[in-house]
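Text of the file entry-v1.txt, holding compact mmCIF, C-alpha atoms:
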# COMPACT_ATOMS: atom_id res chain seq x y z
CA MET A 1 24.61 4.30 27.66
CA ASP A 2 23.36 1.03 29.06
CA PHE A 3 25.06 -1.88 27.32
CA GLY A 4 22.55 -4.37 28.67
CA ASN A 5 19.80 -2.56 26.82
CA LEU A 6 21.76 -2.47 23.60
CA PHE A 7 22.58 -6.15 23.84
CA GLU A 8 18.92 -6.91 24.43
CA LEU A 9 18.05 -4.93 21.33
CA VAL A 10 20.56 -6.87 19.23
CA VAL A 11 19.24 -10.23 20.44
CA ALA A 12 15.64 -9.17 20.00
CA ALA A 13 16.21 -7.93 16.47
CA SER A 14 18.21 -10.96 15.38
CA LEU A 15 16.37 -13.83 17.02
CA ILE A 16 12.94 -12.90 18.34
CA ASN A 17 11.87 -10.46 15.67
CA ASN A 18 14.03 -12.03 12.99
CA PHE A 19 13.31 -10.01 9.88
CA VAL A 20 13.00 -12.95 7.56
CA PHE A 21 10.97 -15.29 9.70
CA THR A 22 8.67 -13.05 11.68
CA ARG A 23 8.48 -9.82 9.71
CA PHE A 24 8.92 -11.34 6.26
CA LEU A 25 11.16 -8.73 4.84
CA GLY A 26 13.98 -9.29 2.41
CA LEU A 27 12.46 -12.46 1.05
CA CYS A 28 13.48 -11.80 -2.56
CA ILE A 29 17.14 -11.76 -1.57
CA PHE A 30 16.61 -14.53 0.95
CA PHE A 31 15.35 -16.95 -1.68
CA GLY A 32 17.56 -15.52 -4.39
CA VAL A 33 21.00 -16.00 -2.87
CA SER A 34 20.44 -18.93 -0.52
CA LYS A 35 21.21 -21.52 -3.16
CA LYS A 36 24.89 -21.84 -2.35
CA MET A 37 26.70 -21.47 0.95
CA GLU A 38 29.43 -19.33 -0.54
CA THR A 39 27.11 -16.66 -1.90
CA ALA A 40 25.04 -16.75 1.27
CA VAL A 41 28.07 -15.97 3.42
CA GLY A 42 29.23 -13.19 1.08
CA MET A 43 25.80 -11.62 1.11
CA SER A 44 25.56 -11.88 4.90
CA ILE A 45 28.84 -10.05 5.48
CA THR A 46 28.08 -7.29 2.98
CA PHE A 47 24.55 -6.92 4.21
CA THR A 48 25.41 -6.60 7.90
CA MET A 49 27.99 -3.92 7.19
CA VAL A 50 25.69 -1.88 4.95
CA MET A 51 22.89 -2.27 7.47
CA VAL A 52 24.86 -0.80 10.38
CA VAL A 53 26.18 2.14 8.38
CA SER A 54 22.85 3.00 6.80
CA ALA A 55 21.08 2.82 10.18
CA ALA A 56 23.60 5.30 11.56
CA LEU A 57 23.48 7.58 8.50
CA SER A 58 19.72 7.78 8.42
CA TRP A 59 19.58 8.49 12.14
CA VAL A 60 21.89 11.46 11.65
CA VAL A 61 19.88 12.79 8.73
CA LEU A 62 16.59 12.26 10.52
CA THR A 63 17.47 13.95 13.80
CA GLN A 64 19.88 16.60 12.57
CA ILE A 65 18.18 17.72 9.38
CA MET A 66 14.64 16.46 8.97
CA GLN A 67 13.03 17.05 12.34
CA GLU A 68 11.50 20.39 13.22
CA ASN A 69 13.95 22.99 14.60
CA SER A 70 16.85 20.57 14.23
CA LEU A 71 18.96 22.16 11.50
CA TYR A 72 18.46 25.75 12.64
CA GLU A 73 15.90 27.55 14.76
CA GLY A 74 12.57 27.29 12.94
CA SER A 75 13.62 24.79 10.28
CA PRO A 76 10.61 22.99 8.80
CA ASP A 77 9.44 19.49 9.75
CA LEU A 78 10.38 17.23 6.85
CA THR A 79 9.63 13.86 8.40
CA PHE A 80 6.79 13.25 5.95
CA LEU A 81 9.47 12.86 3.27
CA LYS A 82 11.20 10.03 5.13
CA ILE A 83 10.44 7.31 2.58
CA ILE A 84 12.01 9.28 -0.27
CA ILE A 85 14.97 10.48 1.78
CA PHE A 86 15.81 7.11 3.31
CA ILE A 87 15.75 5.29 -0.01
CA GLY A 88 17.94 8.07 -1.37
CA ILE A 89 20.44 7.72 1.49
CA VAL A 90 20.65 3.96 1.10
CA ALA A 91 21.02 4.10 -2.67
CA ALA A 92 23.65 6.83 -2.48
CA PHE A 93 25.59 5.01 0.23
CA VAL A 94 25.57 1.70 -1.61
CA GLN A 95 26.64 3.38 -4.82
CA SER A 96 29.52 5.21 -3.14
CA ALA A 97 30.61 2.11 -1.22
CA ASP A 98 30.68 0.32 -4.55
CA THR A 99 32.89 2.98 -6.13
CA ILE A 100 35.23 3.30 -3.15
CA MET A 101 35.65 -0.44 -2.76
CA LYS A 102 36.48 -0.83 -6.45
CA LYS A 103 39.25 1.73 -6.10
CA VAL A 104 40.64 0.86 -2.67
CA SER A 105 40.36 -2.90 -2.50
CA PRO A 106 39.78 -4.64 -5.84
CA THR A 107 40.04 -8.12 -4.32
CA LEU A 108 37.32 -7.37 -1.80
CA TYR A 109 35.28 -5.79 -4.56
CA TYR A 110 35.67 -8.89 -6.69
CA LYS A 111 34.31 -10.98 -3.84
CA LEU A 112 31.52 -8.81 -2.47
CA GLY A 113 30.76 -6.21 -5.14
CA VAL A 114 28.00 -8.28 -6.71
CA TYR A 115 26.05 -8.40 -3.47
CA LEU A 116 26.44 -4.71 -2.94
CA ALA A 117 24.54 -4.03 -6.14
CA LEU A 118 21.78 -6.39 -5.07
CA ILE A 119 21.31 -4.81 -1.68
CA THR A 120 19.30 -1.78 -2.80
CA THR A 121 16.46 -4.10 -3.76
CA ASN A 122 16.30 -5.51 -0.24
CA CYS A 123 13.36 -4.25 1.76
CA ILE A 124 15.10 -4.69 5.13
CA ILE A 125 17.52 -1.95 4.25
CA LEU A 126 14.60 0.47 4.08
CA ALA A 127 12.60 -1.06 6.91
CA VAL A 128 15.31 -0.60 9.54
CA PRO A 129 15.58 3.19 9.21
CA LEU A 130 11.79 3.46 9.08
CA ILE A 131 11.37 1.39 12.25
CA ASN A 132 14.18 3.33 13.94
CA ALA A 133 12.35 6.55 13.11
CA GLY A 134 9.01 5.16 14.25
CA GLU A 135 10.36 3.95 17.59
CA ASN A 136 12.41 7.09 18.24
CA TYR A 137 15.59 5.13 18.87
CA GLY A 138 18.74 7.01 19.84
CA PHE A 139 22.01 6.84 17.93
CA PHE A 140 23.46 3.74 19.58
CA GLU A 141 20.10 2.04 19.73
CA SER A 142 19.70 2.59 15.98
CA ILE A 143 23.10 1.03 15.34
CA ALA A 144 22.32 -1.89 17.65
CA PHE A 145 19.03 -2.48 15.87
CA GLY A 146 20.76 -2.34 12.49
CA LEU A 147 23.44 -4.77 13.66
CA GLY A 148 20.86 -7.14 15.14
CA SER A 149 18.76 -7.22 12.02
CA GLY A 150 21.84 -7.73 9.87
CA LEU A 151 22.97 -10.65 12.02
CA GLY A 152 19.47 -12.11 12.02
CA PHE A 153 19.36 -11.96 8.24
CA ALA A 154 22.81 -13.56 8.06
CA LEU A 155 21.71 -16.37 10.35
CA ALA A 156 18.59 -17.00 8.27
CA LEU A 157 20.59 -17.02 5.04
CA VAL A 158 23.20 -19.45 6.34
CA ILE A 159 20.62 -21.88 7.73
CA MET A 160 18.63 -21.78 4.52
CA ALA A 161 21.69 -22.19 2.29
CA SER A 162 22.90 -25.22 4.19
CA ILE A 163 19.51 -26.87 3.84
CA ARG A 164 19.15 -26.02 0.17
CA GLU A 165 22.54 -27.48 -0.65
CA LYS A 166 21.32 -30.80 0.70
CA LEU A 167 18.03 -30.36 -1.12
CA GLU A 168 19.79 -30.46 -4.48
CA VAL A 169 20.06 -34.22 -4.23
CA ALA A 170 16.67 -34.82 -2.62
CA ASP A 171 13.79 -36.38 -4.53
CA VAL A 172 11.20 -33.59 -4.62
CA PRO A 173 7.91 -33.92 -6.59
CA ALA A 174 8.28 -32.08 -9.89
CA PRO A 175 5.78 -29.23 -9.29
CA PHE A 176 7.45 -28.44 -5.97
CA LYS A 177 11.00 -28.27 -7.28
CA GLY A 178 12.85 -25.05 -6.68
CA LEU A 179 10.94 -22.31 -4.94
CA PRO A 180 7.81 -24.02 -3.56
CA ILE A 181 9.76 -26.51 -1.49
CA SER A 182 12.05 -23.75 -0.27
CA PHE A 183 9.00 -21.90 0.97
CA ILE A 184 7.80 -24.90 2.90
CA ILE A 185 11.23 -25.34 4.46
CA ALA A 186 11.26 -21.66 5.37
CA GLY A 187 7.90 -22.27 7.05
CA LEU A 188 9.40 -25.04 9.15
CA ILE A 189 12.36 -22.89 10.16
CA ALA A 190 9.96 -20.06 11.02
CA LEU A 191 8.07 -22.48 13.24
CA ALA A 192 11.32 -23.22 15.06
CA PHE A 193 12.00 -19.51 15.40
CA THR A 194 8.67 -18.94 17.15
CA GLY A 195 10.33 -20.81 20.00
CA PHE A 196 12.50 -17.76 20.61
CA SER A 197 9.53 -15.52 21.37
CA GLY A 198 9.35 -14.85 25.08
CA LEU A 199 13.13 -15.07 25.43
CA ILE A 200 13.21 -11.39 26.28
CA THR A 201 10.21 -9.27 27.09
CA LEU A 202 10.96 -5.78 25.96
CA MET B 1 8.14 3.45 -31.09
CA SER B 2 6.00 0.76 -29.58
CA VAL B 3 7.96 -2.47 -29.34
CA ASN B 4 5.02 -4.47 -28.20
CA GLN B 5 2.10 -5.12 -30.52
CA LYS B 6 -0.12 -6.92 -28.04
CA SER B 7 -3.68 -5.71 -27.56
CA ASN B 8 -4.68 -4.09 -24.31
CA TRP B 9 -6.60 -7.14 -23.20
CA GLU B 10 -3.58 -9.36 -23.80
CA LEU B 11 -1.46 -7.00 -21.73
CA LEU B 12 -3.94 -7.20 -18.87
CA LYS B 13 -4.06 -10.97 -19.09
CA ASN B 14 -0.29 -11.25 -19.19
CA GLY B 15 -0.04 -9.31 -15.94
CA MET B 16 -2.76 -11.30 -14.26
CA PHE B 17 -1.68 -14.83 -15.20
CA GLY B 18 1.26 -15.23 -17.54
CA GLU B 19 3.66 -13.13 -15.52
CA ASN B 20 1.87 -13.07 -12.20
CA THR B 21 4.23 -11.26 -9.87
CA ILE B 22 4.06 -13.68 -6.99
CA PHE B 23 3.28 -17.12 -8.36
CA ARG B 24 5.16 -17.00 -11.65
CA MET B 25 7.89 -14.39 -11.32
CA ALA B 26 8.44 -14.95 -7.60
CA ILE B 27 9.37 -11.38 -6.84
CA SER B 28 7.89 -8.98 -4.28
CA LEU B 29 7.31 -11.89 -1.97
CA CYS B 30 7.67 -10.11 1.34
CA PRO B 31 4.15 -8.67 1.55
CA SER B 32 2.56 -11.82 0.15
CA ILE B 33 3.26 -13.47 3.46
CA ALA B 34 3.40 -10.56 5.84
CA VAL B 35 -0.05 -9.08 5.35
CA THR B 36 -2.08 -12.05 4.16
CA ASN B 37 -3.27 -13.21 7.57
CA GLY B 38 -6.58 -11.51 6.82
CA LEU B 39 -8.51 -10.80 3.62
CA GLN B 40 -8.93 -7.12 4.49
CA ASN B 41 -5.21 -6.50 4.87
CA GLY B 42 -4.39 -8.42 1.72
CA VAL B 43 -6.90 -6.47 -0.36
CA ALA B 44 -5.75 -3.14 1.11
CA LEU B 45 -2.13 -3.78 0.18
CA GLY B 46 -3.14 -5.18 -3.20
CA ILE B 47 -5.02 -2.00 -4.02
CA ALA B 48 -2.13 0.16 -2.85
CA VAL B 49 0.28 -1.74 -5.08
CA MET B 50 -2.14 -1.58 -8.00
CA PHE B 51 -2.36 2.20 -7.65
CA VAL B 52 1.40 2.68 -7.40
CA GLN B 53 2.15 0.28 -10.25
CA THR B 54 -0.32 1.91 -12.63
CA MET B 55 0.64 5.48 -11.80
CA VAL B 56 4.37 4.76 -12.01
CA ASN B 57 3.94 3.12 -15.39
CA VAL B 58 1.88 6.07 -16.66
CA THR B 59 4.33 8.65 -15.35
CA VAL B 60 7.43 6.88 -16.62
CA SER B 61 5.85 6.38 -20.01
CA LEU B 62 4.90 10.08 -20.22
CA ILE B 63 8.36 11.39 -19.40
CA ARG B 64 10.40 8.56 -20.94
CA SER B 65 11.88 10.72 -23.68
CA PHE B 66 13.18 13.28 -21.16
CA ILE B 67 15.02 10.81 -18.93
CA HIS B 68 18.67 10.35 -19.70
CA PRO B 69 19.36 6.59 -19.63
CA LYS B 70 22.27 7.03 -17.24
CA ILE B 71 20.21 8.53 -14.45
CA ARG B 72 17.06 6.52 -15.02
CA ILE B 73 17.40 4.40 -11.87
CA PRO B 74 17.34 7.27 -9.35
CA ILE B 75 14.59 8.97 -11.34
CA PHE B 76 12.40 5.86 -11.29
CA MET B 77 13.09 5.49 -7.57
CA LEU B 78 11.99 9.08 -6.96
CA ILE B 79 8.78 8.60 -8.96
CA ILE B 80 7.95 5.40 -7.09
CA ALA B 81 8.76 6.93 -3.71
CA GLY B 82 6.56 9.91 -4.53
CA TYR B 83 3.51 7.78 -5.28
CA VAL B 84 4.17 5.57 -2.26
CA THR B 85 4.24 8.66 -0.05
CA ILE B 86 0.87 9.69 -1.49
CA ILE B 87 -0.78 6.33 -0.85
CA ASP B 88 0.89 6.13 2.56
CA MET B 89 -0.64 9.45 3.59
CA LEU B 90 -4.04 8.63 2.09
CA MET B 91 -4.23 5.32 3.92
CA SER B 92 -3.02 6.68 7.23
CA THR B 93 -5.88 9.18 7.04
CA TYR B 94 -8.78 7.22 5.61
CA ALA B 95 -8.04 3.63 6.63
CA ARG B 96 -6.58 4.08 10.09
CA PRO B 97 -7.25 0.59 11.59
CA ILE B 98 -5.78 -1.25 8.60
CA TYR B 99 -2.88 1.17 8.35
CA LYS B 100 -1.87 0.42 11.91
CA GLU B 101 -1.32 -3.21 10.97
CA ILE B 102 0.22 -2.95 7.52
CA GLY B 103 1.64 0.58 7.53
CA LEU B 104 5.24 -0.57 7.41
CA TYR B 105 4.56 -2.76 4.39
CA ILE B 106 2.89 0.12 2.55
CA GLN B 107 6.07 2.14 2.96
CA ILE B 108 8.14 -0.82 1.83
CA ILE B 109 6.38 -0.77 -1.56
CA VAL B 110 9.24 1.53 -2.61
CA ALA B 111 11.62 -1.41 -2.60
CA PHE B 112 9.35 -3.74 -4.57
CA ALA B 113 11.25 -5.27 -7.42
CA SER B 114 8.09 -5.78 -9.48
CA ILE B 115 7.21 -2.10 -9.75
CA PHE B 116 10.70 -1.09 -10.67
CA ALA B 117 11.01 -3.95 -13.12
CA ARG B 118 7.86 -2.97 -15.03
CA ALA B 119 8.94 0.66 -15.22
CA GLU B 120 12.32 -0.41 -16.57
CA VAL B 121 11.22 -3.22 -18.87
CA PHE B 122 7.93 -1.94 -20.19
CA ALA B 123 6.92 1.62 -19.42
CA SER B 124 10.21 3.22 -20.40
CA LYS B 125 9.87 1.75 -23.90
CA ASN B 126 6.15 1.96 -24.60
CA LYS B 127 3.43 4.52 -25.19
CA LEU B 128 0.97 5.75 -22.60
CA VAL B 129 -1.98 3.45 -23.23
CA PRO B 130 -0.13 0.10 -23.35
CA SER B 131 1.88 1.14 -20.27
CA PHE B 132 -1.31 1.92 -18.42
CA PHE B 133 -2.79 -1.48 -19.21
CA ASP B 134 0.45 -3.26 -18.41
CA GLY B 135 0.62 -1.58 -15.01
CA LEU B 136 -3.04 -2.26 -14.33
CA GLY B 137 -2.66 -5.91 -15.32
CA MET B 138 0.37 -6.38 -13.08
CA GLY B 139 -1.48 -4.66 -10.25
CA ILE B 140 -4.54 -6.85 -10.68
CA GLY B 141 -2.34 -9.92 -10.81
CA PHE B 142 -0.75 -8.94 -7.51
CA LEU B 143 -4.15 -8.23 -5.99
CA LEU B 144 -5.43 -11.62 -7.17
CA ALA B 145 -2.49 -13.42 -5.60
CA MET B 146 -3.00 -11.56 -2.33
CA VAL B 147 -6.70 -12.45 -2.33
CA VAL B 148 -6.04 -16.14 -2.98
CA ILE B 149 -3.39 -16.46 -0.27
CA SER B 150 -5.25 -14.47 2.35
CA PHE B 151 -8.51 -16.27 1.56
CA PHE B 152 -6.99 -19.62 2.53
CA ARG B 153 -5.03 -18.28 5.48
CA GLU B 154 -7.92 -16.43 7.07
CA LEU B 155 -10.42 -19.22 6.44
CA LEU B 156 -8.16 -21.93 7.83
CA GLY B 157 -6.42 -19.91 10.49
CA LYS B 158 -9.31 -18.00 12.01
CA GLY B 159 -12.38 -19.65 10.54
CA GLU B 160 -13.62 -16.35 9.19
CA LEU B 161 -13.65 -14.29 6.01
CA TRP B 162 -13.43 -10.48 5.91
CA GLY B 163 -13.76 -10.53 9.69
CA ILE B 164 -17.03 -12.47 9.56
CA SER B 165 -16.95 -15.75 11.41
CA LEU B 166 -17.96 -18.68 9.20
CA VAL B 167 -16.70 -21.88 10.76
CA SER B 168 -16.97 -22.72 14.41
CA GLY B 169 -14.57 -25.01 16.20
CA ASN B 170 -10.83 -24.97 16.57
CA PRO B 171 -9.11 -23.25 13.65
CA LEU B 172 -5.65 -24.23 12.45
CA LEU B 173 -3.70 -21.64 14.37
CA ILE B 174 -0.54 -22.37 12.42
CA MET B 175 -2.00 -20.81 9.29
CA ILE B 176 -1.97 -17.30 10.73
CA LEU B 177 1.40 -17.78 12.36
CA PRO B 178 4.41 -16.69 10.28
CA ALA B 179 5.21 -20.33 9.52
CA GLY B 180 1.79 -20.90 7.97
CA GLY B 181 2.33 -18.00 5.61
CA PHE B 182 5.44 -19.56 4.14
CA MET B 183 3.74 -22.92 3.82
CA ALA B 184 0.58 -21.49 2.25
CA VAL B 185 2.60 -19.69 -0.42
CA GLY B 186 4.75 -22.77 -1.01
CA LEU B 187 1.77 -25.07 -1.38
CA LEU B 188 -0.15 -22.67 -3.64
CA MET B 189 2.91 -22.12 -5.80
CA GLY B 190 3.33 -25.87 -6.10
CA PHE B 191 -0.35 -26.25 -6.94
CA PHE B 192 -0.20 -23.67 -9.73
CA ASN B 193 2.91 -25.33 -11.09
CA TRP B 194 1.08 -28.64 -11.06
CA VAL B 195 -1.91 -27.16 -12.93
CA ASP B 196 0.42 -25.60 -15.45
CA MET B 197 2.28 -28.86 -16.03
CA LYS B 198 -0.77 -31.06 -16.10
CA PHE B 199 -3.16 -29.05 -18.25
CA PHE B 200 -1.10 -26.54 -20.19
CA GLY B 201 2.04 -28.54 -20.81
CA GLY B 202 4.22 -25.86 -19.25
CA LYS B 203 7.41 -26.62 -17.43
CA GLY B 204 6.30 -24.90 -14.24
CA ALA B 205 7.89 -21.74 -13.01
CA SER B 206 10.34 -22.60 -10.31
CA GLY B 207 11.59 -19.04 -10.41
CA VAL B 208 14.88 -18.47 -8.67
What does this structure look like when you write it as structure tokens?
Amino acid sequence: MDFGNLFELVVAASLINNFVFTRFLGLCIFFGVSKKMETAVGMSITFTMVMVVSAALSWVVLTQIMQENSLYEGSPDLTFLKIIIFIGIVAAFVQSADTIMKKVSPTLYYKLGVYLALITTNCIILAVPLINAGENYGFFESIAFGLGSGLGFALALVIMASIREKLEVADVPAPFKGLPISFIIAGLIALAFTGFSGLITL
Amino acid sequence: MSVNQKSNWELLKNGMFGENTIFRMAISLCPSIAVTNGLQNGVALGIAVMFVQTMVNVTVSLIRSFIHPKIRIPIFMLIIAGYVTIIDMLMSTYARPIYKEIGLYIQIIVAFASIFARAEVFASKNKLVPSFFDGLGMGIGFLLAMVVISFFRELLGKGELWGISLVSGNPLLIMILPAGGFMAVGLLMGFFNWVDMKFFGGKGASGV
């Protein structure tokens, strides 16, 4: 396993192809929880963890069960069901993580449980397994991609939250208050992020 | 059984304007920026969403009395994922060039909050016909928003509409860049808020 490659994948997924700013996924959550720094950090931590685990889980299911001849000799090709199966895996994993966390570590659950419930509505969580499947990534590559996209999302959330906290006291024209101005700010950040393109040529 | 006494036309109108998914409710935003760099892509995704939204509403409304409330979320998810798989396969066969660009976003329809929300809020409590019109209205509203955003972005960013070149000269490249998408949505949202405040006395929907 070449660590240079994996590192490249993490950087590419988090900075160059940042999910929020160049692929526009996970915007609902991005605008929803970026109002306060505290919630943004909580969401980032939870999200990155879930992302890595679900990337790994869906890789296992895809290559060991769904692909032709993978489960046993002559097992059928089920890859056309990947949308249904991946959303099922993610939902089941989030639900079980929720239950386990409540039992094992109530303090952690009190802090992060809310975000866990929100995560199933995040499109990135579904996009990462789908892209992994489309690009035929191996096990460690899948995990690296999941980690990179989680970190990228965390970075985007933290930047946005710190700006929006300042924005609370800014004098914004009435029709632009709230979401519209956040969109324009996101546009400006996205413009800055285009500077990262060309950092690595994959 | 029916909680809602609105006429079918009112339901349609509510979906198109009053509770427009993107500009008023501010949910399902991801595709509104991702695929609106061209009118063709925007319309294709809009139609896909319209189909899924309507069919999910119809299906949920038909089987609503058989679904146990405790397991409704996974059931709705399965129904949505089923219809998304259908439209995904149809588009990958019959609209190959467009599918290559927006394929990922078609698959992501599963995670759209708006579709799930309508199934939960409306279709699981209402009869077949109102659910159908509610879904259709929501779908049309989404399609309208996609058309408006992609109209401006393609015209300003490439100087063309539906792939046909209209304006010569240097287009505003920023409009088709990711950054332009955010700004276009932000400006349009602000504009609609302004219209609402100015002419209808609303408070504007700042959403989240």
For Ile143 (chain A), find every residue with an atom within 7 Å (counting only C-alpha atoms), except residues of its own chain fewer than 2 positions away, and show them as a short mmCIF file (atom, residue, chain, number, x, y, z; two decimals) with C-alpha atoms, keeping the file's coordinate frame.
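The result, written out as selection05.cif:
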data_model
loop_
_atom_site.label_atom_id
_atom_site.label_comp_id
_atom_site.auth_asym_id
_atom_site.auth_seq_id
_atom_site.Cartn_x
_atom_site.Cartn_y
_atom_site.Cartn_z
CA VAL A 52 24.86 -0.80 10.38
CA ALA A 55 21.08 2.82 10.18
CA ALA A 56 23.60 5.30 11.56
CA PHE A 139 22.01 6.84 17.93
CA PHE A 140 23.46 3.74 19.58
CA GLU A 141 20.10 2.04 19.73
CA PHE A 145 19.03 -2.48 15.87
CA GLY A 146 20.76 -2.34 12.49
CA LEU A 147 23.44 -4.77 13.66
#
Contact residues (chain A, partner chain B, 7 Å, all atoms listed in the file) as a PyMOL selection string: chain A and resi 21-28+32+83-84+121-123+126-127+175-181+183-184+186-188+190-191
Could the residues in this selection be written to a file with C-alpha atoms, as a PDB file, in the coordinates of the input?
ATOM      1  CA  PHE A  21      10.970 -15.290   9.700  1.00  0.00           C
ATOM      2  CA  THR A  22       8.670 -13.050  11.680  1.00  0.00           C
ATOM      3  CA  ARG A  23       8.480  -9.820   9.710  1.00  0.00           C
ATOM      4  CA  PHE A  24       8.920 -11.340   6.260  1.00  0.00           C
ATOM      5  CA  LEU A  25      11.160  -8.730   4.840  1.00  0.00           C
ATOM      6  CA  GLY A  26      13.980  -9.290   2.410  1.00  0.00           C
ATOM      7  CA  LEU A  27      12.460 -12.460   1.050  1.00  0.00           C
ATOM      8  CA  CYS A  28      13.480 -11.800  -2.560  1.00  0.00           C
ATOM      9  CA  GLY A  32      17.560 -15.520  -4.390  1.00  0.00           C
ATOM     10  CA  ILE A  83      10.440   7.310   2.580  1.00  0.00           C
ATOM     11  CA  ILE A  84      12.010   9.280  -0.270  1.00  0.00           C
ATOM     12  CA  THR A 121      16.460  -4.100  -3.760  1.00  0.00           C
ATOM     13  CA  ASN A 122      16.300  -5.510  -0.240  1.00  0.00           C
ATOM     14  CA  CYS A 123      13.360  -4.250   1.760  1.00  0.00           C
ATOM     15  CA  LEU A 126      14.600   0.470   4.080  1.00  0.00           C
ATOM     16  CA  ALA A 127      12.600  -1.060   6.910  1.00  0.00           C
ATOM     17  CA  PRO A 175       5.780 -29.230  -9.290  1.00  0.00           C
ATOM     18  CA  PHE A 176       7.450 -28.440  -5.970  1.00  0.00           C
ATOM     19  CA  LYS A 177      11.000 -28.270  -7.280  1.00  0.00           C
ATOM     20  CA  GLY A 178      12.850 -25.050  -6.680  1.00  0.00           C
ATOM     21  CA  LEU A 179      10.940 -22.310  -4.940  1.00  0.00           C
ATOM     22  CA  PRO A 180       7.810 -24.020  -3.560  1.00  0.00           C
ATOM     23  CA  ILE A 181       9.760 -26.510  -1.490  1.00  0.00           C
ATOM     24  CA  PHE A 183       9.000 -21.900   0.970  1.00  0.00           C
ATOM     25  CA  ILE A 184       7.800 -24.900   2.900  1.00  0.00           C
ATOM     26  CA  ALA A 186      11.260 -21.660   5.370  1.00  0.00           C
ATOM     27  CA  GLY A 187       7.900 -22.270   7.050  1.00  0.00           C
ATOM     28  CA  LEU A 188       9.400 -25.040   9.150  1.00  0.00           C
ATOM     29  CA  ALA A 190       9.960 -20.060  11.020  1.00  0.00           C
ATOM     30  CA  LEU A 191       8.070 -22.480  13.240  1.00  0.00           C
TER      31      LEU A 191
END
Between CA of Leu15 (chain A) and CA of Gly150 (chain A), distance in Å (one decimal): 10.9 Å
Between CA of Val11 (chain A) and CA of Met160 (chain A), distance in Å (one decimal):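 Between these atoms lies a distance of 19.7 Å.
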Atom pair CA of Val94 (chain A) / CA of Ile124 (chain A): separation (Å):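 Computed distance, CA of Val94 (chain A) to CA of Ile124 (chain A), equals 14.0 Å.
Residue nearest Leu118 (chain A) within the list A:Ala161, A:Ala91, A:Ile85, A:Ala13: A:Ala91 [criterion: smallest interatomic distance, all atoms listed in the file].
With distances restricted to only C-alpha atoms, B:Ser92 is the closest residue to Phe80 (chain A) from B:Ile140, B:Ser131, B:Met146, B:Ser92.
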Pick from B:Ser124, B:Thr54, B:Ser150, B:Asn41, whichever lies nearest to Arg96 (chain B) using all atoms listed in the file: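 That would be B:Asn41, the residue with the smallest distance to Arg96 (chain B).
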Could you write region 133-144 of chain B as a short mmCIF file (atom, residue, chain, number, x, y, z; two decimals), in the coordinates of the input, with N, CA and C atoms rebuilt where they are missing?
data_model
loop_
_atom_site.label_atom_id
_atom_site.label_comp_id
_atom_site.auth_asym_id
_atom_site.auth_seq_id
_atom_site.Cartn_x
_atom_site.Cartn_y
_atom_site.Cartn_z
N PHE B 133 -2.17 -0.16 -19.35
CA PHE B 133 -2.79 -1.48 -19.21
C PHE B 133 -1.82 -2.49 -18.63
N ASP B 134 -0.55 -2.36 -18.98
CA ASP B 134 0.45 -3.26 -18.41
C ASP B 134 0.52 -3.10 -16.90
N GLY B 135 0.56 -1.84 -16.45
CA GLY B 135 0.62 -1.58 -15.01
C GLY B 135 -0.62 -2.10 -14.31
N LEU B 136 -1.78 -1.82 -14.94
CA LEU B 136 -3.04 -2.26 -14.33
C LEU B 136 -3.07 -3.78 -14.24
N GLY B 137 -2.64 -4.45 -15.32
CA GLY B 137 -2.66 -5.91 -15.32
C GLY B 137 -1.77 -6.47 -14.23
N MET B 138 -0.55 -5.94 -14.13
CA MET B 138 0.37 -6.38 -13.08
C MET B 138 -0.23 -6.16 -11.70
N GLY B 139 -0.86 -4.99 -11.54
CA GLY B 139 -1.48 -4.66 -10.25
C GLY B 139 -2.59 -5.63 -9.92
N ILE B 140 -3.44 -5.93 -10.93
CA ILE B 140 -4.54 -6.85 -10.68
C ILE B 140 -4.01 -8.24 -10.36
N GLY B 141 -2.93 -8.63 -11.08
CA GLY B 141 -2.34 -9.92 -10.81
C GLY B 141 -1.86 -10.03 -9.38
N PHE B 142 -1.22 -8.96 -8.90
CA PHE B 142 -0.75 -8.94 -7.51
C PHE B 142 -1.92 -9.03 -6.55
N LEU B 143 -2.97 -8.22 -6.85
CA LEU B 143 -4.15 -8.23 -5.99
C LEU B 143 -4.77 -9.62 -5.93
N LEU B 144 -4.87 -10.27 -7.12
CA LEU B 144 -5.43 -11.62 -7.17
C LEU B 144 -4.65 -12.59 -6.28
#
